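Peer 1: I have a structure I would like to understand better, so I am pasting it below and will then ask my questions one at a time.
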Amino acid sequence: MDLGGRTWRRLTAVVLVMAVAVGCTGQGEGAGGGKDEDLLRNHDWTQLPGTTAQNGILRVSALDRHIVEQDSSGGQPNPPLNLAGPHLKSGGDFTVTARMSGVGDDGGDSWLRLYGRVPVIYDEWRQERPSLRVGVTADGQVKVQIWDGEGDEPTTSKSFDCGCSGTVTLAVSSIGDTLRVQADGRRLGTVRDPGVFAEGTVWFGLEADASEDERREGWRLTQLTARAESGDSLRVIKAPQLRQEQSEDSLRARAADVGRPFDVGAALAENPLLTDARYRALAGSQFSMLTPENAFKPQFLHPRRGVYDFRDADLLVRFARANDMKVHAHTLVWHEALPDWMRETDGPEEVRQTMLRHIAMVAGHFKGKVAEWDVVNEPMSDDEKSYTNGDRGLRSEQSPWFEAMGEEYIDEAFRAAHRADPKARLFLNEYGVEEEGERWDALYDLVKRLKERGVPIDGVGFQNHEYAPGDRIDPETFRSHVRDLAELGVQARVSEMDVPIDEDEEDGRQIQADEMAGKLRVCLEEPNCTSFSTWGLTDRYGSTADTKIYPPRTADSLPWDAALRPKLAYERLLDAFDEA
């Protein structure tokens with residue numbers, strides 16, 4: 001049966017069997033089913049955030065990861081999934097069985113998540129796609145939640161009295177169009193399935209909800225198996241190879257012929273990188289540098305005080321090394337993408353120590369693995385008053401770092417990053433400084449002061465987000481700023497370029513291509529410009545999508561469209577290299 005895009009019998013319902021006992025589910029033949037496949041042993045679970053693997057057992061701890069919006073509001077849950085481990089490809093009915101130990105022992109909830117489609121993480125926002133979440137709550141109930149891909153919140157949420165605790169065996173079977181929930185042979189009730197697994201894939205996530213007790217130890221997964229039902233097919237798929245075939249007809253091949261060290265890159269996300277083969281092939285073959293779109297931000301890898309998890313970020317580094325790509329790491333210090341606890345820190349000295357500890361731990365973890373860091377991201381203010389008062393154009397609003405230390409936080413951050421990784425090049429990254437005006441003037445003056453104080457700043461990243469026609473800047477203006485930095489002994493790079501165009505914009509694709517190629521051409525002609533990167537590579541996962549609706553409406557802003565077809569912008573970027 002061809003599952004690659006054809007419509008086939010929709011997988012429906014899931015039977016959930018929950019039993020409070022040890023050893024109540026074994027290997028072998030199920031009723032009307034095939035042989036159980038062991039998903040836990042002989043498969044890689046070491047890359048699943050929030051877990052520790054030992055002797056074939058997974059300990060699941062609470063990460064409490066959340067995604068906040070740009071104004072620091074919200075707090076959308078961002079639980080992890082096992083991108084680098086096994087997933088299922090099913091041709092029909094199937095059963096997944098999990099044995100969970102330590103359930104309810106420490107006052108928290110324990111969850112198994114089965115994703116029919118992997119979520120998309122945009123810039124500071126998560127698009128939920130069809131999935132099923134089932135678990136045992138702290139009060140011993142069995143709870144089922146279903147997402148249908150049409151909203152952030154589950155469309156179905158139902159609890160059943162169970163009295164479950166200790167060791168619980170959970171079996172999930174997709175049979176028919178009704179979810180039948182059982183515990184220890186007792187039917188608890190039914191839940192309708194909207195077709196969570198209609199595409200025939202199942203990805204796995206494990207979660208431990210945070211409780212008020214910071215010492216919560218979580219729970220343990222001691223068994224995970226899958227089997228086909230009613231003679232249907234079921235395959236266990238391992239994670240793909242990271243190494244991609246290279247091509248001489250690519251952006252990175254052109255960059256290698258520039259005659260000096262020069263990189264062409266894109267911001268990449270780990271979810272599509274491990275689950276979308278065409279995205280993965282383009283990322284590995286077209287670029288010599290990657291920027292982690294989200295995985296290096298504090299709310300992703302430092303979600304709780306004293307709790308770090310580098311697994312998603314490590315995946316991107318592994319991909320880069322497998323494909324001989326550099327990593328431009330983004331970002332150490334920013335006023336956005338912060339976990340709540342970082343904003344709740346009291347007292348200037350405590351804020352300072354929080355920042356320094358974070359830099360030391362994160363930059364130290366990646367020492368020797370990344371080439372460059374965005375040490376400080378977007379320090380310039382959007383408030384016009386800040387350019388005439390004592391703030392010198394620096395952002396004070398919503399920045400715990402400036403509020404605690406003033407401008408000195410930038411000096412401290414760069415010095416701490418240099419101590420942690422002396423060989424990495426260190427950048428300040430900012431938007432809206434490609435054009436003339438007080439924002440650029442204030443940034444230039446800041447860089448000049450930093451150099452005069454001996455701060456180890458190597459370069460400035462010009463984001464080049466051209467969200468509206470008014471954002472489109474003459475390349476010669478950008479060139480003048482690159483040259484101004486050269487006089488200070490500072491490098492430059494295009495760090496996050498995208499050019500959204502409207503459907504009704506006349507010659508929009510031509511304008512998009514001209515804007516991108518024009519900025520690249522400046523970089524190739526100015527010796528202190530070291531790289532050119534776009535913020536994403538394809539509109540399919542581009543962060544400029546309209547996320548006010550579900551599912552999001554993709555924008556037209558990047559070199560490849562939502563079908564991963566190259567646009568005129570891609571061709572013009574190739575031409576710019578050839579003309580250099």
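Labels used: A, B, ... for chains in the order of the structure tokens, numbers from 1 for residues in each chain, and numbers from 1 for ligands as shown.
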List as number ranges by chain the protein and nucleic acid residues near Asp498 of chain A, meaning an atom at most 9 Å away when only C-alpha atoms are counted, but skip any in the same chain fewer than 2 places from it.
Peer 2: A: 463-467, 496, 500, 512, 516, 534-536, 544, 557-559
Peer 1: Keeping N, CA and C atoms, export the residues of the selection given above as a short mmCIF file (atom, residue, chain, number, x, y, z; two decimals), in the first residue's frame.
Peer 2:
data_model
loop_
_atom_site.label_atom_id
_atom_site.label_comp_id
_atom_site.auth_asym_id
_atom_site.auth_seq_id
_atom_site.Cartn_x
_atom_site.Cartn_y
_atom_site.Cartn_z
N GLN A 463 20.07 41.86 10.46
CA GLN A 463 19.03 40.85 10.25
C GLN A 463 18.39 40.93 8.87
N ASN A 464 18.15 42.14 8.38
CA ASN A 464 17.56 42.31 7.05
C ASN A 464 16.19 41.63 6.91
N HIS A 465 15.35 41.74 7.93
CA HIS A 465 13.95 41.35 7.79
C HIS A 465 13.23 42.47 7.03
N GLU A 466 12.74 42.17 5.85
CA GLU A 466 12.06 43.18 5.04
C GLU A 466 10.57 42.83 4.98
N TYR A 467 9.88 43.09 6.10
CA TYR A 467 8.50 42.67 6.25
C TYR A 467 7.53 43.50 5.41
N GLU A 496 19.63 37.19 9.08
CA GLU A 496 18.28 36.60 9.19
C GLU A 496 17.37 37.06 8.04
N PRO A 500 9.07 38.98 2.79
CA PRO A 500 7.67 38.63 2.50
C PRO A 500 7.09 39.53 1.42
N GLN A 512 11.65 40.43 -4.53
CA GLN A 512 12.23 39.55 -3.51
C GLN A 512 13.62 39.08 -3.93
N MET A 516 17.32 40.13 -2.04
CA MET A 516 18.25 39.14 -1.49
C MET A 516 19.59 39.16 -2.22
N THR A 534 19.67 33.37 5.52
CA THR A 534 18.25 33.67 5.51
C THR A 534 17.60 33.07 6.76
N TRP A 535 16.46 33.65 7.16
CA TRP A 535 15.78 33.15 8.36
C TRP A 535 14.80 32.05 7.95
N GLY A 536 15.36 30.86 7.78
CA GLY A 536 14.62 29.74 7.22
C GLY A 536 15.02 29.53 5.78
N THR A 544 7.41 33.63 9.11
CA THR A 544 6.57 34.74 8.70
C THR A 544 5.15 34.28 8.34
N SER A 557 8.22 34.35 1.42
CA SER A 557 9.30 35.19 1.96
C SER A 557 10.69 34.59 1.83
N LEU A 558 10.82 33.33 1.43
CA LEU A 558 12.10 32.64 1.47
C LEU A 558 12.47 32.06 0.10
N PRO A 559 13.69 31.58 -0.09
CA PRO A 559 14.13 31.15 -1.43
C PRO A 559 13.42 29.92 -1.98
#
Peer 1: Would you return as a PyMOL selection string the members of segment 187-269 of chain A that DSSP assigns to alpha helix (DSSP H) on this structure's backbone?
Peer 2: chain A and resi 251-255
Peer 1: Which residues, written as a compact mmCIF listing (two decimals) with all heavy atoms, in the first residue's frame, have at least one atom at most 8 Å from Trp111 of chain A, with only C-alpha atoms counted and residues fewer than 2 positions away on the same chain left out?
Peer 2:
# COMPACT_ATOMS: atom_id res chain seq x y z
N ASP A 109 1.67 14.50 37.22
CA ASP A 109 1.02 13.71 36.18
C ASP A 109 2.07 13.07 35.27
O ASP A 109 3.15 13.63 35.07
CB ASP A 109 0.09 14.58 35.34
CG ASP A 109 -1.00 15.24 36.16
OD1 ASP A 109 -1.26 14.76 37.28
OD2 ASP A 109 -1.56 16.25 35.69
N ARG A 113 2.63 10.59 24.82
CA ARG A 113 2.08 11.37 23.70
C ARG A 113 2.36 10.63 22.40
O ARG A 113 3.51 10.24 22.13
CB ARG A 113 2.72 12.76 23.68
CG ARG A 113 2.12 13.74 22.68
CD ARG A 113 0.86 14.40 23.22
NE ARG A 113 0.45 15.54 22.40
CZ ARG A 113 0.62 16.81 22.74
NH1 ARG A 113 1.19 17.11 23.89
NH2 ARG A 113 0.22 17.78 21.95
N ARG A 133 -2.78 12.38 23.65
CA ARG A 133 -2.05 12.42 24.92
C ARG A 133 -2.87 11.63 25.93
O ARG A 133 -4.07 11.89 26.12
CB ARG A 133 -1.87 13.86 25.37
CG ARG A 133 -0.97 14.07 26.59
CD ARG A 133 -0.95 15.55 26.92
NE ARG A 133 0.05 15.91 27.89
CZ ARG A 133 -0.18 16.69 28.96
NH1 ARG A 133 -1.41 17.13 29.19
NH2 ARG A 133 0.79 17.00 29.79
N VAL A 134 -2.25 10.65 26.57
CA VAL A 134 -2.94 9.85 27.56
C VAL A 134 -2.02 9.64 28.75
O VAL A 134 -0.81 9.47 28.58
CB VAL A 134 -3.40 8.50 26.98
CG1 VAL A 134 -2.23 7.67 26.47
CG2 VAL A 134 -4.20 7.70 27.99
N GLY A 135 -2.58 9.68 29.94
CA GLY A 135 -1.73 9.50 31.10
C GLY A 135 -2.51 9.32 32.37
O GLY A 135 -3.74 9.27 32.39
N VAL A 136 -1.75 9.22 33.43
CA VAL A 136 -2.32 9.05 34.77
C VAL A 136 -2.05 10.33 35.55
O VAL A 136 -0.90 10.78 35.64
CB VAL A 136 -1.70 7.84 35.48
CG1 VAL A 136 -2.33 7.67 36.86
CG2 VAL A 136 -1.87 6.58 34.65
N LEU A 206 7.22 11.75 25.70
CA LEU A 206 7.02 11.39 27.10
C LEU A 206 7.09 12.66 27.93
O LEU A 206 7.98 13.49 27.73
CB LEU A 206 8.08 10.39 27.56
CG LEU A 206 8.19 9.08 26.78
CD1 LEU A 206 9.42 8.30 27.22
CD2 LEU A 206 6.94 8.24 26.96
N GLU A 207 6.17 12.81 28.88
CA GLU A 207 6.10 14.03 29.65
C GLU A 207 5.88 13.72 31.12
O GLU A 207 5.19 12.77 31.47
CB GLU A 207 4.94 14.91 29.18
CG GLU A 207 4.95 15.23 27.70
CD GLU A 207 3.64 15.85 27.26
OE1 GLU A 207 3.06 16.63 28.06
OE2 GLU A 207 3.18 15.55 26.14
N ALA A 208 6.48 14.55 31.96
CA ALA A 208 6.20 14.56 33.39
C ALA A 208 5.82 15.99 33.75
O ALA A 208 6.64 16.90 33.60
CB ALA A 208 7.41 14.09 34.20
Peer 1: Applying 9 Å and only C-alpha atoms, which residues near Phe310 of chain A remain after dropping the ones on its own chain fewer than 6 positions away? List them as an MDAnalysis selection string.
Peer 2: chainID A and resid 47 49 295:296 300:302 362 365
Peer 1: Restricted to N, CA and C atoms, what would the selected residues look like written as a CSV table (one decimal), in the first residue's frame?
Peer 2:
chain,number,residue,atom,x,y,z
A,47,GLN,N,18.3,10.9,22.9
A,47,GLN,CA,18.2,12.3,22.4
A,47,GLN,C,16.8,12.9,22.8
A,49,PRO,N,14.6,15.0,25.0
A,49,PRO,CA,14.7,15.9,26.1
A,49,PRO,C,13.9,15.5,27.3
A,295,ALA,N,16.3,26.4,19.0
A,295,ALA,CA,16.7,25.4,20.0
A,295,ALA,C,17.8,25.9,21.0
A,296,PHE,N,18.4,27.0,20.7
A,296,PHE,CA,19.5,27.5,21.6
A,296,PHE,C,18.9,28.6,22.5
A,300,PHE,N,14.0,27.2,25.6
A,300,PHE,CA,14.1,25.8,25.1
A,300,PHE,C,15.1,25.0,25.8
A,301,LEU,N,16.3,25.5,26.2
A,301,LEU,CA,17.3,24.7,26.8
A,301,LEU,C,17.6,25.0,28.2
A,302,HIS,N,16.9,26.0,28.8
A,302,HIS,CA,17.1,26.3,30.2
A,302,HIS,C,15.7,26.6,30.8
A,362,VAL,N,26.0,27.4,28.9
A,362,VAL,CA,25.6,27.1,27.5
A,362,VAL,C,26.8,27.2,26.6
A,365,HIS,N,29.1,24.3,27.2
A,365,HIS,CA,28.6,23.1,26.7
A,365,HIS,C,29.0,22.9,25.2
Peer 1: Please identify every residue of segment 123-205 of chain A that has at least one atom no farther than 12 Å from an atom of segment 219-232 of chain A, counting only C-alpha atoms, and for each give the shortest atom pair and the distance in Å to one decimal, arranged by chain then increasing number, as a Markdown table.
Peer 2:
| residue | atom | partner | partner_atom | distance |
| --- | --- | --- | --- | --- |
| A:Gly135 | CA | A:Trp219 | CA | 11.5 |
| A:Val136 | CA | A:Trp219 | CA | 10.9 |
| A:Thr137 | CA | A:Trp219 | CA | 11.9 |
| A:Ala138 | CA | A:Trp219 | CA | 11.7 |
| A:Ser165 | CA | A:Trp219 | CA | 10.9 |
| A:Gly166 | CA | A:Trp219 | CA | 9.4 |
| A:Thr167 | CA | A:Arg220 | CA | 9.1 |
| A:Val168 | CA | A:Leu221 | CA | 9.8 |
| A:Thr169 | CA | A:Gln223 | CA | 8.7 |
| A:Leu170 | CA | A:Leu224 | CA | 9.2 |
| A:Ala171 | CA | A:Thr225 | CA | 9.0 |
| A:Val172 | CA | A:Ala226 | CA | 9.0 |
| A:Ser173 | CA | A:Glu229 | CA | 8.3 |
| A:Ser174 | CA | A:Glu229 | CA | 8.4 |
| A:Ile175 | CA | A:Glu229 | CA | 8.0 |
| A:Gly176 | CA | A:Glu229 | CA | 11.3 |
| A:Gly200 | CA | A:Asp232 | CA | 11.5 |
| A:Val202 | CA | A:Ala226 | CA | 10.6 |
| A:Phe204 | CA | A:Leu224 | CA | 10.4 |
| A:Gly205 | CA | A:Leu221 | CA | 11.5 |
Peer 1: Near Arg280 of chain A, within 12 Å and counting only C-alpha atoms, which residues show up once chain neighbours fewer than 5 positions away are dropped, as a list in words?
Peer 2: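 So the residues in contact are Pro240, Gln241, Leu242, Arg243, Gln244, Glu245, Gln246, Leu268, Ala269, Glu270, Asn271, Pro272, Leu273, Leu274, Thr275, Ser285, Gln286, Phe287, Leu316, Phe319, Ala320, Asn323, Leu537, Thr538 and Leu564 of chain A.
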Peer 1: In Å to one decimal, how far is atom CA of Gly459 of chain A from atom CA of Glu436 of chain A?
Peer 2: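 Going from atom CA of Glu436 of chain A over to atom CA of Gly459 of chain A covers 18.9 Å.
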Peer 1: Mind checking which residues fall within 10 Å of His335 of chain A, counting only C-alpha atoms, ignoring those fewer than 4 positions away in the same chain, and posting them as a list in words?
Peer 2: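 Here the answer would be Gln70, Asp71, Ser72, Arg343, Val376, Asn377, Glu378, Pro379, Arg395, Ser396, Glu397, Gln398, Ser399, Pro400, Trp401 and Phe402 of chain A.
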Peer 1: Which residues in segment 321-492 of chain A does DSSP call strand (DSSP E)? List them as number ranges by chain.
Peer 2: A: 326-333, 372-377, 425-430, 459-462, 491-492
Peer 1: With C-alpha atoms kept, could you save the residues just selected as a short mmCIF file (atom, residue, chain, number, x, y, z; two decimals), in the first residue's frame?
Peer 2:
data_model
loop_
_atom_site.label_atom_id
_atom_site.label_comp_id
_atom_site.auth_asym_id
_atom_site.auth_seq_id
_atom_site.Cartn_x
_atom_site.Cartn_y
_atom_site.Cartn_z
CA LYS A 326 29.50 25.66 10.67
CA VAL A 327 27.10 26.59 13.47
CA HIS A 328 26.27 30.23 14.11
CA ALA A 329 24.70 29.83 17.56
CA HIS A 330 21.69 32.00 18.42
CA THR A 331 21.39 33.40 21.12
CA LEU A 332 22.89 33.79 24.60
CA VAL A 333 21.34 37.04 25.88
CA GLU A 372 30.12 31.88 16.18
CA TRP A 373 27.68 33.20 18.77
CA ASP A 374 25.01 35.86 18.76
CA VAL A 375 26.01 36.92 22.25
CA VAL A 376 23.56 39.82 22.59
CA ASN A 377 20.45 39.90 20.43
CA ARG A 425 33.63 34.63 17.02
CA LEU A 426 31.24 36.84 18.96
CA PHE A 427 28.48 38.92 17.35
CA LEU A 428 25.88 41.46 18.32
CA ASN A 429 22.71 40.89 16.27
CA GLU A 430 20.14 43.59 15.46
CA GLY A 459 31.04 41.44 14.47
CA VAL A 460 27.53 42.74 13.93
CA GLY A 461 24.69 40.81 12.35
CA PHE A 462 22.30 42.77 10.13
CA GLN A 491 33.05 42.19 10.88
CA ALA A 492 29.53 42.15 9.45
#
Peer 1: Quick one: pull the distance between atom CA of Cys164 of chain A and atom CA of Val142 of chain A, Å, one decimal.
Peer 2: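 Taking atom CA of Cys164 of chain A and atom CA of Val142 of chain A, their separation equals 7.6 Å.
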Peer 1: With only C-alpha atoms as the counted atoms, please give the residues lying no more than 10 Å from Asn528 of chain A, apart from itself and same-chain residues fewer than 3 positions off, as a PyMOL selection string.
Peer 2: chain A and resi 262+459+482-483+485-487+489-493+523-525+531
Peer 1: If you keep N, CA, C and O atoms, can you produce a file of those selected residues as a compact mmCIF listing (two decimals), in the first residue's frame?
Peer 2:
# COMPACT_ATOMS: atom_id res chain seq x y z
N PHE A 262 33.98 32.41 3.35
CA PHE A 262 32.65 33.01 3.27
C PHE A 262 31.62 31.89 3.34
O PHE A 262 31.74 30.87 2.66
N GLY A 459 31.85 41.05 15.61
CA GLY A 459 31.04 41.44 14.47
C GLY A 459 29.63 41.84 14.83
O GLY A 459 29.18 41.70 15.98
N VAL A 482 28.41 48.53 6.44
CA VAL A 482 29.44 47.49 6.53
C VAL A 482 30.83 48.12 6.53
O VAL A 482 31.72 47.71 7.30
N ARG A 483 31.02 49.13 5.71
CA ARG A 483 32.33 49.80 5.65
C ARG A 483 32.59 50.60 6.93
O ARG A 483 33.75 50.67 7.38
N LEU A 485 31.71 49.74 9.89
CA LEU A 485 32.18 48.76 10.86
C LEU A 485 33.60 48.33 10.56
O LEU A 485 34.39 48.07 11.49
N ALA A 486 33.95 48.23 9.29
CA ALA A 486 35.32 47.84 8.93
C ALA A 486 36.33 48.83 9.49
O ALA A 486 37.43 48.43 9.92
N GLU A 487 35.98 50.10 9.52
CA GLU A 487 36.88 51.11 10.06
C GLU A 487 37.10 50.92 11.56
O GLU A 487 38.13 51.34 12.11
N GLY A 489 37.27 47.92 12.80
CA GLY A 489 37.87 46.60 12.95
C GLY A 489 36.85 45.54 13.29
O GLY A 489 37.18 44.53 13.95
N VAL A 490 35.61 45.72 12.84
CA VAL A 490 34.51 44.83 13.19
C VAL A 490 33.94 44.18 11.92
O VAL A 490 33.79 44.85 10.89
N GLN A 491 33.63 42.91 12.00
CA GLN A 491 33.05 42.19 10.88
C GLN A 491 31.55 42.45 10.79
O GLN A 491 30.94 42.98 11.71
N ALA A 492 30.96 42.03 9.66
CA ALA A 492 29.53 42.15 9.45
C ALA A 492 29.03 40.88 8.80
O ALA A 492 29.79 40.11 8.20
N ARG A 493 27.73 40.65 8.93
CA ARG A 493 27.09 39.52 8.25
C ARG A 493 25.60 39.82 8.07
O ARG A 493 25.02 40.55 8.86
N CYS A 523 27.87 41.77 0.40
CA CYS A 523 28.70 40.96 1.30
C CYS A 523 29.88 40.35 0.56
O CYS A 523 30.99 40.26 1.10
N LEU A 524 29.65 39.92 -0.66
CA LEU A 524 30.73 39.30 -1.42
C LEU A 524 31.79 40.31 -1.82
O LEU A 524 32.97 39.96 -1.98
N GLU A 525 31.39 41.58 -1.93
CA GLU A 525 32.33 42.62 -2.38
C GLU A 525 33.03 43.32 -1.23
O GLU A 525 34.05 44.00 -1.46
N SER A 531 29.41 36.34 6.03
CA SER A 531 28.41 35.32 5.71
C SER A 531 27.08 35.98 5.35
O SER A 531 26.82 37.14 5.67
Peer 1: Using only C-alpha atoms, pick whichever of A:Asp382, A:Asp561, A:Asp546, A:Asp193 has the shortest atom-to-atom distance to Ile146 of chain A.
Peer 2: A:Asp193
Peer 1: I'd like to know which of A:Ala404, A:Ala416, A:Val494, A:Leu63 is closest to Ala266 of chain A, using only C-alpha atoms.
Peer 2: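 Of A:Ala404, A:Ala416, A:Val494, A:Leu63, the one nearest Ala266 of chain A, counting only C-alpha atoms, is A:Val494.
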Peer 1: So how many Å separate atom CA of Glu435 of chain A and atom CA of Asp474 of chain A, to one decimal?
Peer 2: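 Separating atom CA of Glu435 of chain A from atom CA of Asp474 of chain A is a distance of 8.2 Å.
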